[in-house]
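The data block below is entry-v6.txt; it holds compact mmCIF, N, CA and C atoms.
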```txt
# COMPACT_ATOMS: atom_id res chain seq x y z
N GLN A 206 29.22 20.49 2.60
CA GLN A 206 27.81 20.77 2.44
C GLN A 206 27.13 19.59 1.76
N VAL A 207 25.82 19.53 1.88
CA VAL A 207 25.05 18.45 1.27
C VAL A 207 24.48 18.93 -0.06
N HIS A 208 24.47 18.03 -1.03
CA HIS A 208 23.92 18.31 -2.35
C HIS A 208 22.65 17.50 -2.53
N LEU A 209 21.57 18.17 -2.96
CA LEU A 209 20.26 17.54 -3.05
C LEU A 209 19.76 17.52 -4.49
N VAL A 210 19.22 16.39 -4.91
CA VAL A 210 18.67 16.25 -6.26
C VAL A 210 17.30 15.60 -6.16
N GLU A 211 16.28 16.33 -6.63
CA GLU A 211 14.92 15.78 -6.63
C GLU A 211 14.63 15.04 -7.92
N SER A 212 13.71 14.10 -7.83
CA SER A 212 13.23 13.38 -9.01
C SER A 212 11.83 12.86 -8.71
N GLY A 213 11.16 12.38 -9.75
CA GLY A 213 9.85 11.76 -9.57
C GLY A 213 8.67 12.62 -9.96
N GLY A 214 8.93 13.86 -10.34
CA GLY A 214 7.83 14.70 -10.78
C GLY A 214 7.29 14.26 -12.13
N GLY A 215 6.19 14.86 -12.54
CA GLY A 215 5.62 14.54 -13.83
C GLY A 215 4.21 15.05 -13.96
N LEU A 216 3.53 14.56 -15.00
CA LEU A 216 2.15 14.94 -15.28
C LEU A 216 1.24 13.80 -14.83
N VAL A 217 0.23 14.14 -14.04
CA VAL A 217 -0.69 13.13 -13.53
C VAL A 217 -2.09 13.71 -13.52
N GLN A 218 -3.08 12.85 -13.67
CA GLN A 218 -4.46 13.30 -13.61
C GLN A 218 -4.89 13.49 -12.15
N ALA A 219 -5.87 14.34 -11.97
CA ALA A 219 -6.42 14.55 -10.63
C ALA A 219 -6.86 13.21 -10.04
N GLY A 220 -6.53 13.03 -8.76
CA GLY A 220 -6.81 11.78 -8.09
C GLY A 220 -5.67 10.79 -8.13
N GLY A 221 -4.67 11.09 -8.95
CA GLY A 221 -3.53 10.18 -9.08
C GLY A 221 -2.50 10.38 -7.99
N SER A 222 -1.39 9.65 -8.12
CA SER A 222 -0.34 9.66 -7.11
C SER A 222 1.03 9.84 -7.75
N LEU A 223 1.93 10.40 -6.98
CA LEU A 223 3.34 10.50 -7.35
C LEU A 223 4.18 10.32 -6.10
N ARG A 224 5.38 9.78 -6.30
CA ARG A 224 6.34 9.75 -5.20
C ARG A 224 7.58 10.50 -5.62
N LEU A 225 7.85 11.58 -4.92
CA LEU A 225 9.05 12.36 -5.17
C LEU A 225 10.20 11.83 -4.32
N SER A 226 11.39 11.87 -4.89
CA SER A 226 12.59 11.46 -4.18
C SER A 226 13.56 12.63 -4.08
N CYS A 227 14.34 12.61 -3.04
CA CYS A 227 15.39 13.63 -2.83
C CYS A 227 16.66 12.89 -2.46
N ALA A 228 17.57 12.78 -3.40
CA ALA A 228 18.83 12.09 -3.18
C ALA A 228 19.87 13.07 -2.66
N ALA A 229 20.50 12.70 -1.56
CA ALA A 229 21.50 13.57 -0.92
C ALA A 229 22.90 13.00 -1.10
N SER A 230 23.86 13.87 -1.27
CA SER A 230 25.26 13.45 -1.36
C SER A 230 26.14 14.52 -0.75
N GLY A 231 27.34 14.12 -0.41
CA GLY A 231 28.32 15.07 0.10
C GLY A 231 28.50 15.06 1.60
N ARG A 232 27.47 14.73 2.31
CA ARG A 232 27.55 14.66 3.77
C ARG A 232 26.63 13.54 4.25
N THR A 233 26.73 13.20 5.53
CA THR A 233 25.90 12.16 6.10
C THR A 233 24.45 12.64 6.16
N PHE A 234 23.59 11.99 5.41
CA PHE A 234 22.20 12.42 5.28
C PHE A 234 21.49 12.46 6.62
N SER A 235 21.79 11.53 7.51
CA SER A 235 21.11 11.46 8.80
C SER A 235 21.47 12.63 9.72
N ASP A 236 22.41 13.46 9.34
CA ASP A 236 22.76 14.65 10.11
C ASP A 236 21.83 15.83 9.79
N TYR A 237 20.88 15.64 8.87
CA TYR A 237 20.08 16.76 8.38
C TYR A 237 18.59 16.53 8.56
N THR A 238 17.92 17.54 9.07
CA THR A 238 16.48 17.61 8.98
C THR A 238 16.13 17.91 7.52
N MET A 239 15.04 17.35 7.03
CA MET A 239 14.67 17.53 5.63
C MET A 239 13.26 18.09 5.49
N GLY A 240 13.08 18.89 4.48
CA GLY A 240 11.75 19.43 4.22
C GLY A 240 11.43 19.43 2.74
N TRP A 241 10.15 19.52 2.43
CA TRP A 241 9.66 19.68 1.06
C TRP A 241 8.87 20.98 0.98
N PHE A 242 9.13 21.72 -0.07
CA PHE A 242 8.42 22.97 -0.36
C PHE A 242 7.93 22.91 -1.80
N ARG A 243 7.02 23.81 -2.14
CA ARG A 243 6.56 23.90 -3.52
C ARG A 243 6.32 25.36 -3.88
N GLN A 244 6.42 25.62 -5.17
CA GLN A 244 6.19 26.98 -5.66
C GLN A 244 5.43 26.92 -6.97
N ALA A 245 4.24 27.48 -6.95
CA ALA A 245 3.42 27.56 -8.16
C ALA A 245 3.73 28.88 -8.87
N PRO A 246 3.45 28.96 -10.17
CA PRO A 246 3.72 30.20 -10.91
C PRO A 246 3.04 31.40 -10.29
N GLY A 247 3.79 32.46 -10.06
CA GLY A 247 3.23 33.68 -9.51
C GLY A 247 2.97 33.66 -8.02
N LYS A 248 3.36 32.57 -7.37
CA LYS A 248 3.12 32.45 -5.93
C LYS A 248 4.44 32.28 -5.17
N GLU A 249 4.38 32.54 -3.87
CA GLU A 249 5.55 32.35 -3.03
C GLU A 249 5.79 30.87 -2.77
N ARG A 250 7.03 30.57 -2.40
CA ARG A 250 7.35 29.19 -2.04
C ARG A 250 6.60 28.83 -0.77
N GLU A 251 6.00 27.63 -0.78
CA GLU A 251 5.12 27.19 0.29
C GLU A 251 5.66 25.92 0.93
N PHE A 252 5.63 25.86 2.25
CA PHE A 252 6.00 24.66 2.98
C PHE A 252 5.00 23.55 2.72
N VAL A 253 5.51 22.32 2.57
CA VAL A 253 4.64 21.16 2.39
C VAL A 253 4.77 20.20 3.58
N ALA A 254 6.00 19.78 3.87
CA ALA A 254 6.20 18.80 4.94
C ALA A 254 7.65 18.82 5.38
N SER A 255 7.88 18.35 6.60
CA SER A 255 9.24 18.24 7.12
C SER A 255 9.36 16.98 7.96
N ILE A 256 10.60 16.52 8.11
CA ILE A 256 10.87 15.30 8.86
C ILE A 256 12.19 15.47 9.59
N ASN A 257 12.25 14.99 10.84
CA ASN A 257 13.47 15.18 11.60
C ASN A 257 14.53 14.17 11.16
N LYS A 258 15.68 14.22 11.80
CA LYS A 258 16.82 13.44 11.33
C LYS A 258 16.58 11.94 11.37
N SER A 259 15.92 11.48 12.40
CA SER A 259 15.71 10.04 12.54
C SER A 259 14.47 9.55 11.82
N GLY A 260 13.59 10.48 11.44
CA GLY A 260 12.33 10.10 10.81
C GLY A 260 11.21 9.88 11.80
N SER A 261 11.46 10.16 13.07
CA SER A 261 10.46 9.89 14.11
C SER A 261 9.44 11.01 14.25
N SER A 262 9.72 12.16 13.67
CA SER A 262 8.82 13.31 13.79
C SER A 262 8.59 13.92 12.42
N THR A 263 7.32 14.15 12.11
CA THR A 263 6.95 14.77 10.83
C THR A 263 5.96 15.91 11.07
N TYR A 264 5.85 16.77 10.08
CA TYR A 264 4.94 17.92 10.18
C TYR A 264 4.48 18.27 8.78
N TYR A 265 3.19 18.64 8.65
CA TYR A 265 2.60 18.89 7.33
C TYR A 265 1.80 20.20 7.32
N VAL A 266 1.75 20.81 6.15
CA VAL A 266 0.82 21.91 5.97
C VAL A 266 -0.58 21.31 5.91
N ASP A 267 -1.57 22.04 6.40
CA ASP A 267 -2.92 21.50 6.50
C ASP A 267 -3.47 21.02 5.15
N SER A 268 -3.10 21.69 4.08
CA SER A 268 -3.69 21.37 2.77
C SER A 268 -3.28 20.00 2.23
N VAL A 269 -2.24 19.40 2.78
CA VAL A 269 -1.80 18.08 2.30
C VAL A 269 -1.96 16.98 3.33
N LYS A 270 -2.37 17.32 4.54
CA LYS A 270 -2.55 16.30 5.58
C LYS A 270 -3.54 15.25 5.12
N GLY A 271 -3.17 13.99 5.32
CA GLY A 271 -4.01 12.88 4.89
C GLY A 271 -3.80 12.47 3.45
N ARG A 272 -3.10 13.30 2.67
CA ARG A 272 -2.84 12.98 1.25
C ARG A 272 -1.36 12.75 0.99
N CYS A 273 -0.51 13.32 1.79
CA CYS A 273 0.93 13.22 1.57
C CYS A 273 1.62 12.60 2.77
N THR A 274 2.70 11.88 2.48
CA THR A 274 3.51 11.28 3.54
C THR A 274 4.98 11.56 3.25
N ILE A 275 5.66 12.18 4.20
CA ILE A 275 7.09 12.40 4.08
C ILE A 275 7.81 11.28 4.81
N SER A 276 8.89 10.80 4.23
CA SER A 276 9.66 9.73 4.86
C SER A 276 11.12 9.86 4.42
N ARG A 277 11.96 9.05 5.01
CA ARG A 277 13.36 9.06 4.64
C ARG A 277 13.97 7.69 4.88
N ASP A 278 14.99 7.38 4.09
CA ASP A 278 15.78 6.17 4.26
C ASP A 278 17.22 6.63 4.39
N ASN A 279 17.68 6.75 5.61
CA ASN A 279 19.03 7.28 5.83
C ASN A 279 20.12 6.35 5.28
N ALA A 280 19.84 5.07 5.23
CA ALA A 280 20.82 4.13 4.67
C ALA A 280 21.01 4.36 3.18
N LYS A 281 19.97 4.88 2.52
CA LYS A 281 20.04 5.16 1.08
C LYS A 281 20.27 6.64 0.79
N ASN A 282 20.42 7.45 1.85
CA ASN A 282 20.64 8.89 1.68
C ASN A 282 19.55 9.53 0.83
N THR A 283 18.33 9.11 1.06
CA THR A 283 17.22 9.56 0.23
C THR A 283 16.00 9.90 1.08
N GLY A 284 15.36 11.00 0.72
CA GLY A 284 14.09 11.35 1.31
C GLY A 284 12.98 11.23 0.29
N TYR A 285 11.75 11.12 0.78
CA TYR A 285 10.62 10.89 -0.12
C TYR A 285 9.43 11.76 0.27
N LEU A 286 8.60 12.02 -0.74
CA LEU A 286 7.30 12.63 -0.49
C LEU A 286 6.29 11.86 -1.33
N GLN A 287 5.49 11.04 -0.68
CA GLN A 287 4.42 10.29 -1.35
C GLN A 287 3.19 11.19 -1.38
N MET A 288 2.67 11.42 -2.58
CA MET A 288 1.51 12.30 -2.73
C MET A 288 0.37 11.51 -3.38
N ASN A 289 -0.75 11.44 -2.71
CA ASN A 289 -1.93 10.73 -3.19
C ASN A 289 -3.09 11.70 -3.39
N ASP A 290 -4.08 11.24 -4.13
CA ASP A 290 -5.28 12.04 -4.37
C ASP A 290 -4.89 13.47 -4.80
N LEU A 291 -4.03 13.55 -5.78
CA LEU A 291 -3.52 14.84 -6.21
C LEU A 291 -4.62 15.70 -6.82
N LYS A 292 -4.49 17.00 -6.60
CA LYS A 292 -5.47 17.98 -7.08
C LYS A 292 -4.77 18.98 -7.99
N PRO A 293 -5.49 19.62 -8.89
CA PRO A 293 -4.86 20.62 -9.76
C PRO A 293 -4.11 21.70 -8.97
N GLU A 294 -4.58 22.04 -7.81
CA GLU A 294 -3.91 23.07 -7.00
C GLU A 294 -2.59 22.59 -6.40
N ASP A 295 -2.28 21.31 -6.56
CA ASP A 295 -0.96 20.80 -6.14
C ASP A 295 0.10 21.06 -7.21
N THR A 296 -0.30 21.54 -8.36
CA THR A 296 0.64 21.82 -9.44
C THR A 296 1.66 22.87 -9.01
N ALA A 297 2.94 22.52 -9.11
CA ALA A 297 4.01 23.41 -8.67
C ALA A 297 5.35 22.74 -8.94
N VAL A 298 6.40 23.52 -8.77
CA VAL A 298 7.74 22.94 -8.70
C VAL A 298 7.98 22.58 -7.23
N TYR A 299 8.39 21.34 -7.01
CA TYR A 299 8.61 20.85 -5.66
C TYR A 299 10.11 20.80 -5.38
N TYR A 300 10.48 21.33 -4.21
CA TYR A 300 11.88 21.40 -3.81
C TYR A 300 12.09 20.65 -2.50
N CYS A 301 13.21 19.95 -2.39
CA CYS A 301 13.59 19.44 -1.07
C CYS A 301 14.67 20.35 -0.51
N ALA A 302 14.76 20.37 0.81
CA ALA A 302 15.68 21.25 1.50
C ALA A 302 16.21 20.54 2.74
N ALA A 303 17.37 20.97 3.21
CA ALA A 303 18.00 20.33 4.36
C ALA A 303 18.62 21.35 5.30
N ASN A 304 18.66 20.96 6.59
CA ASN A 304 19.25 21.81 7.61
C ASN A 304 19.84 20.91 8.68
N ARG A 305 20.96 21.31 9.28
CA ARG A 305 21.63 20.46 10.27
C ARG A 305 21.08 20.63 11.67
N GLY A 306 20.07 21.45 11.84
CA GLY A 306 19.51 21.67 13.17
C GLY A 306 18.82 20.44 13.72
N SER A 307 18.55 20.49 15.02
CA SER A 307 17.96 19.34 15.72
C SER A 307 16.65 19.65 16.40
N SER A 308 16.01 20.74 16.02
CA SER A 308 14.69 21.04 16.59
C SER A 308 13.66 20.11 15.99
N GLY A 309 12.42 20.18 16.52
CA GLY A 309 11.35 19.34 16.02
C GLY A 309 10.99 19.67 14.59
N ALA A 310 10.31 18.75 13.94
CA ALA A 310 9.97 18.93 12.53
C ALA A 310 9.14 20.19 12.31
N ASP A 311 8.28 20.56 13.26
CA ASP A 311 7.44 21.73 13.06
C ASP A 311 8.25 23.02 13.02
N TYR A 312 9.40 23.05 13.67
CA TYR A 312 10.26 24.23 13.66
C TYR A 312 10.75 24.53 12.25
N TYR A 313 10.82 23.52 11.41
CA TYR A 313 11.37 23.69 10.07
C TYR A 313 10.29 23.85 9.01
N ALA A 314 9.18 24.46 9.38
CA ALA A 314 8.10 24.74 8.43
C ALA A 314 8.29 26.08 7.75
N THR A 315 9.50 26.61 7.79
CA THR A 315 9.80 27.93 7.22
C THR A 315 11.02 27.82 6.33
N ALA A 316 10.91 28.35 5.13
CA ALA A 316 11.98 28.21 4.14
C ALA A 316 13.30 28.80 4.63
N SER A 317 13.23 29.87 5.39
CA SER A 317 14.44 30.56 5.82
C SER A 317 15.28 29.73 6.79
N ARG A 318 14.73 28.65 7.31
CA ARG A 318 15.46 27.81 8.25
C ARG A 318 16.24 26.69 7.57
N TYR A 319 16.26 26.70 6.26
CA TYR A 319 17.01 25.69 5.51
C TYR A 319 18.22 26.32 4.83
N ASN A 320 19.31 25.58 4.84
CA ASN A 320 20.55 26.06 4.24
C ASN A 320 20.80 25.49 2.86
N TYR A 321 20.23 24.34 2.57
CA TYR A 321 20.54 23.64 1.33
C TYR A 321 19.25 23.30 0.59
N TRP A 322 19.29 23.48 -0.73
CA TRP A 322 18.12 23.28 -1.58
C TRP A 322 18.49 22.51 -2.83
N GLY A 323 17.53 21.70 -3.29
CA GLY A 323 17.68 21.07 -4.58
C GLY A 323 17.21 21.99 -5.69
N GLN A 324 17.26 21.50 -6.92
CA GLN A 324 16.91 22.32 -8.08
C GLN A 324 15.42 22.28 -8.40
N GLY A 325 14.71 21.34 -7.81
CA GLY A 325 13.26 21.26 -8.00
C GLY A 325 12.85 20.25 -9.05
N THR A 326 11.62 19.75 -8.90
CA THR A 326 11.02 18.85 -9.88
C THR A 326 9.58 19.28 -10.10
N GLN A 327 9.17 19.32 -11.37
CA GLN A 327 7.84 19.83 -11.71
C GLN A 327 6.78 18.76 -11.50
N VAL A 328 5.72 19.15 -10.83
CA VAL A 328 4.53 18.30 -10.69
C VAL A 328 3.36 19.05 -11.32
N THR A 329 2.70 18.41 -12.28
CA THR A 329 1.56 19.01 -12.93
C THR A 329 0.37 18.06 -12.81
N VAL A 330 -0.72 18.57 -12.27
CA VAL A 330 -1.92 17.77 -12.07
C VAL A 330 -3.02 18.32 -12.97
N SER A 331 -3.49 17.49 -13.88
CA SER A 331 -4.53 17.92 -14.80
C SER A 331 -5.90 17.56 -14.25
N SER A 332 -6.87 18.39 -14.59
CA SER A 332 -8.23 18.16 -14.08
C SER A 332 -9.04 17.30 -15.02
```

Written as structure tokens, that's how I'd like the structure from this file.
Amino acid sequence: QVHLVESGGGLVQAGGSLRLSCAASGRTFSDYTMGWFRQAPGKEREFVASINKSGSSTYYVDSVKGRCTISRDNAKNTGYLQMNDLKPEDTAVYYCAANRGSSGADYYATASRYNYWGQGTQVTVSS
């Protein structure tokens, strides 16, 4: 199985940027579709973005389109979520997830389609 560890979260002012990383170990990273989810206090876990195994296909929730970019470096076994123009409503714990399936990135916009999860990294955006 693949082991995922997120990093890069923190406290940032509204309008600022953060880049989250998801380091994978245990299996060949390029064998996995990857996704990012977030969960705010009292709310359900929400899909943010997904990327297919090669990085050629991506998919985003409407609320982050134009502000976030998901990417991956398979040679470094690492995935990324670049977040710009952050808003207080982006405050949440962010999780990366992985699945060995080969469907398009949009197919993996649902948490139940992932088998592996990281422990999460906190992102707090102050107004």

What are the DSSP helix (DSSP H, G or I) residues of chain A, as a PyMOL selection string? chain A and resi 234-236+267-269+279-281+293-295+310-313+316-318

For the point (4.9, 24.9, -10.3) in file coordinates, what residues are within 8 Å, counting all atoms listed in the file? Give the answer as a ChimeraX atom specification? /A:243-247,295-299,326-329

Same residues, N, CA and C atoms, saved as a JSON list (two decimals), keeping the file's coordinate frame:
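Output below, filename out09.json:
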```json
[["chain", "number", "residue", "atom", "x", "y", "z"],
["A", 243, "ARG", "N", 7.02, 23.81, -2.14],
["A", 243, "ARG", "CA", 6.56, 23.90, -3.52],
["A", 243, "ARG", "C", 6.32, 25.36, -3.88],
["A", 244, "GLN", "N", 6.42, 25.62, -5.17],
["A", 244, "GLN", "CA", 6.19, 26.98, -5.66],
["A", 244, "GLN", "C", 5.43, 26.92, -6.97],
["A", 245, "ALA", "N", 4.24, 27.48, -6.95],
["A", 245, "ALA", "CA", 3.42, 27.56, -8.16],
["A", 245, "ALA", "C", 3.73, 28.88, -8.87],
["A", 246, "PRO", "N", 3.45, 28.96, -10.17],
["A", 246, "PRO", "CA", 3.72, 30.20, -10.91],
["A", 246, "PRO", "C", 3.04, 31.40, -10.29],
["A", 247, "GLY", "N", 3.79, 32.46, -10.06],
["A", 247, "GLY", "CA", 3.23, 33.68, -9.51],
["A", 247, "GLY", "C", 2.97, 33.66, -8.02],
["A", 295, "ASP", "N", -2.28, 21.31, -6.56],
["A", 295, "ASP", "CA", -0.96, 20.80, -6.14],
["A", 295, "ASP", "C", 0.10, 21.06, -7.21],
["A", 296, "THR", "N", -0.30, 21.54, -8.36],
["A", 296, "THR", "CA", 0.64, 21.82, -9.44],
["A", 296, "THR", "C", 1.66, 22.87, -9.01],
["A", 297, "ALA", "N", 2.94, 22.52, -9.11],
["A", 297, "ALA", "CA", 4.01, 23.41, -8.67],
["A", 297, "ALA", "C", 5.35, 22.74, -8.94],
["A", 298, "VAL", "N", 6.40, 23.52, -8.77],
["A", 298, "VAL", "CA", 7.74, 22.94, -8.70],
["A", 298, "VAL", "C", 7.98, 22.58, -7.23],
["A", 299, "TYR", "N", 8.39, 21.34, -7.01],
["A", 299, "TYR", "CA", 8.61, 20.85, -5.66],
["A", 299, "TYR", "C", 10.11, 20.80, -5.38],
["A", 326, "THR", "N", 11.62, 19.75, -8.90],
["A", 326, "THR", "CA", 11.02, 18.85, -9.88],
["A", 326, "THR", "C", 9.58, 19.28, -10.10],
["A", 327, "GLN", "N", 9.17, 19.32, -11.37],
["A", 327, "GLN", "CA", 7.84, 19.83, -11.71],
["A", 327, "GLN", "C", 6.78, 18.76, -11.50],
["A", 328, "VAL", "N", 5.72, 19.15, -10.83],
["A", 328, "VAL", "CA", 4.53, 18.30, -10.69],
["A", 328, "VAL", "C", 3.36, 19.05, -11.32],
["A", 329, "THR", "N", 2.70, 18.41, -12.28],
["A", 329, "THR", "CA", 1.56, 19.01, -12.93],
["A", 329, "THR", "C", 0.37, 18.06, -12.81]]
```

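Of the residues listed (A:Ala316, A:Leu216, A:Ala280, A:Leu291), A:Ala316 shows the shortest atom-to-atom separation from Glu251 of chain A; distances use only N, CA and C atoms.
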
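For the atom pair formed by atom CA of Arg318 of chain A and atom CA of Ala303 of chain A, the distance is 8.8 Å, given to one decimal.
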
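Checking A:Ser268, A:Ser261, A:Thr274, A:Thr233 one by one against Gln206 of chain A, counting all atoms listed in the file, you find the shortest gap at A:Thr233.
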
May I have the residues within 12 Å of Asn320 of chain A as a count of residues only, using only C-alpha atoms and disregarding those fewer than 6 positions away in the same chain? 15

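The coordinates place atom CA of Gly213 of chain A at 26.7 Å from atom CA of Gly309 of chain A.
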
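Distances to Ala310 of chain A were evaluated for A:Gly284, A:Tyr264, A:Gly215, A:Asp236 using all atoms listed in the file, and the minimum falls at A:Tyr264.
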
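Picture a line from atom CA of Glu294 of chain A to atom CA of Ala219 of chain A; it runs 9.6 Å.
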
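Take the candidates A:Ser235, A:Ser222, A:Gln324, A:Ser259 and check each one against Asn282 of chain A using all atoms listed in the file; the shortest distance goes to A:Ser235.
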
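Among the candidates A:Phe252, A:Tyr321, A:Tyr300, A:Tyr312, the residue lying nearest to Ser212 of chain A is A:Tyr300 (atoms considered: only C-alpha atoms).
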
Rank A:Phe234, A:Gly325, A:Arg224, A:Val266 by their smallest atom-to-atom distance to Asn279 of chain A, using all atoms listed in the file, and report the top residue only. A:Phe234

DSSP-assigned strand (DSSP E) among chain A, expressed as a VMD selection string: chain A and resid 208 to 212 215 to 218 223 to 230 238 to 244 251 to 256 263 to 265 273 to 278 283 to 288 297 to 304 321 to 322 326 to 331

Selection near Thr283 of chain A, 7 Å with all atoms listed in the file, sequence-local residues under 6 positions removed, as a ChimeraX atom specification: /A:226-229,234,276-277

Counting only C-alpha atoms, what is within 8 Å of Cys273 of chain A, bar same-chain residues fewer than 4 positions away, as a PyMOL selection string? chain A and resi 269+286-289
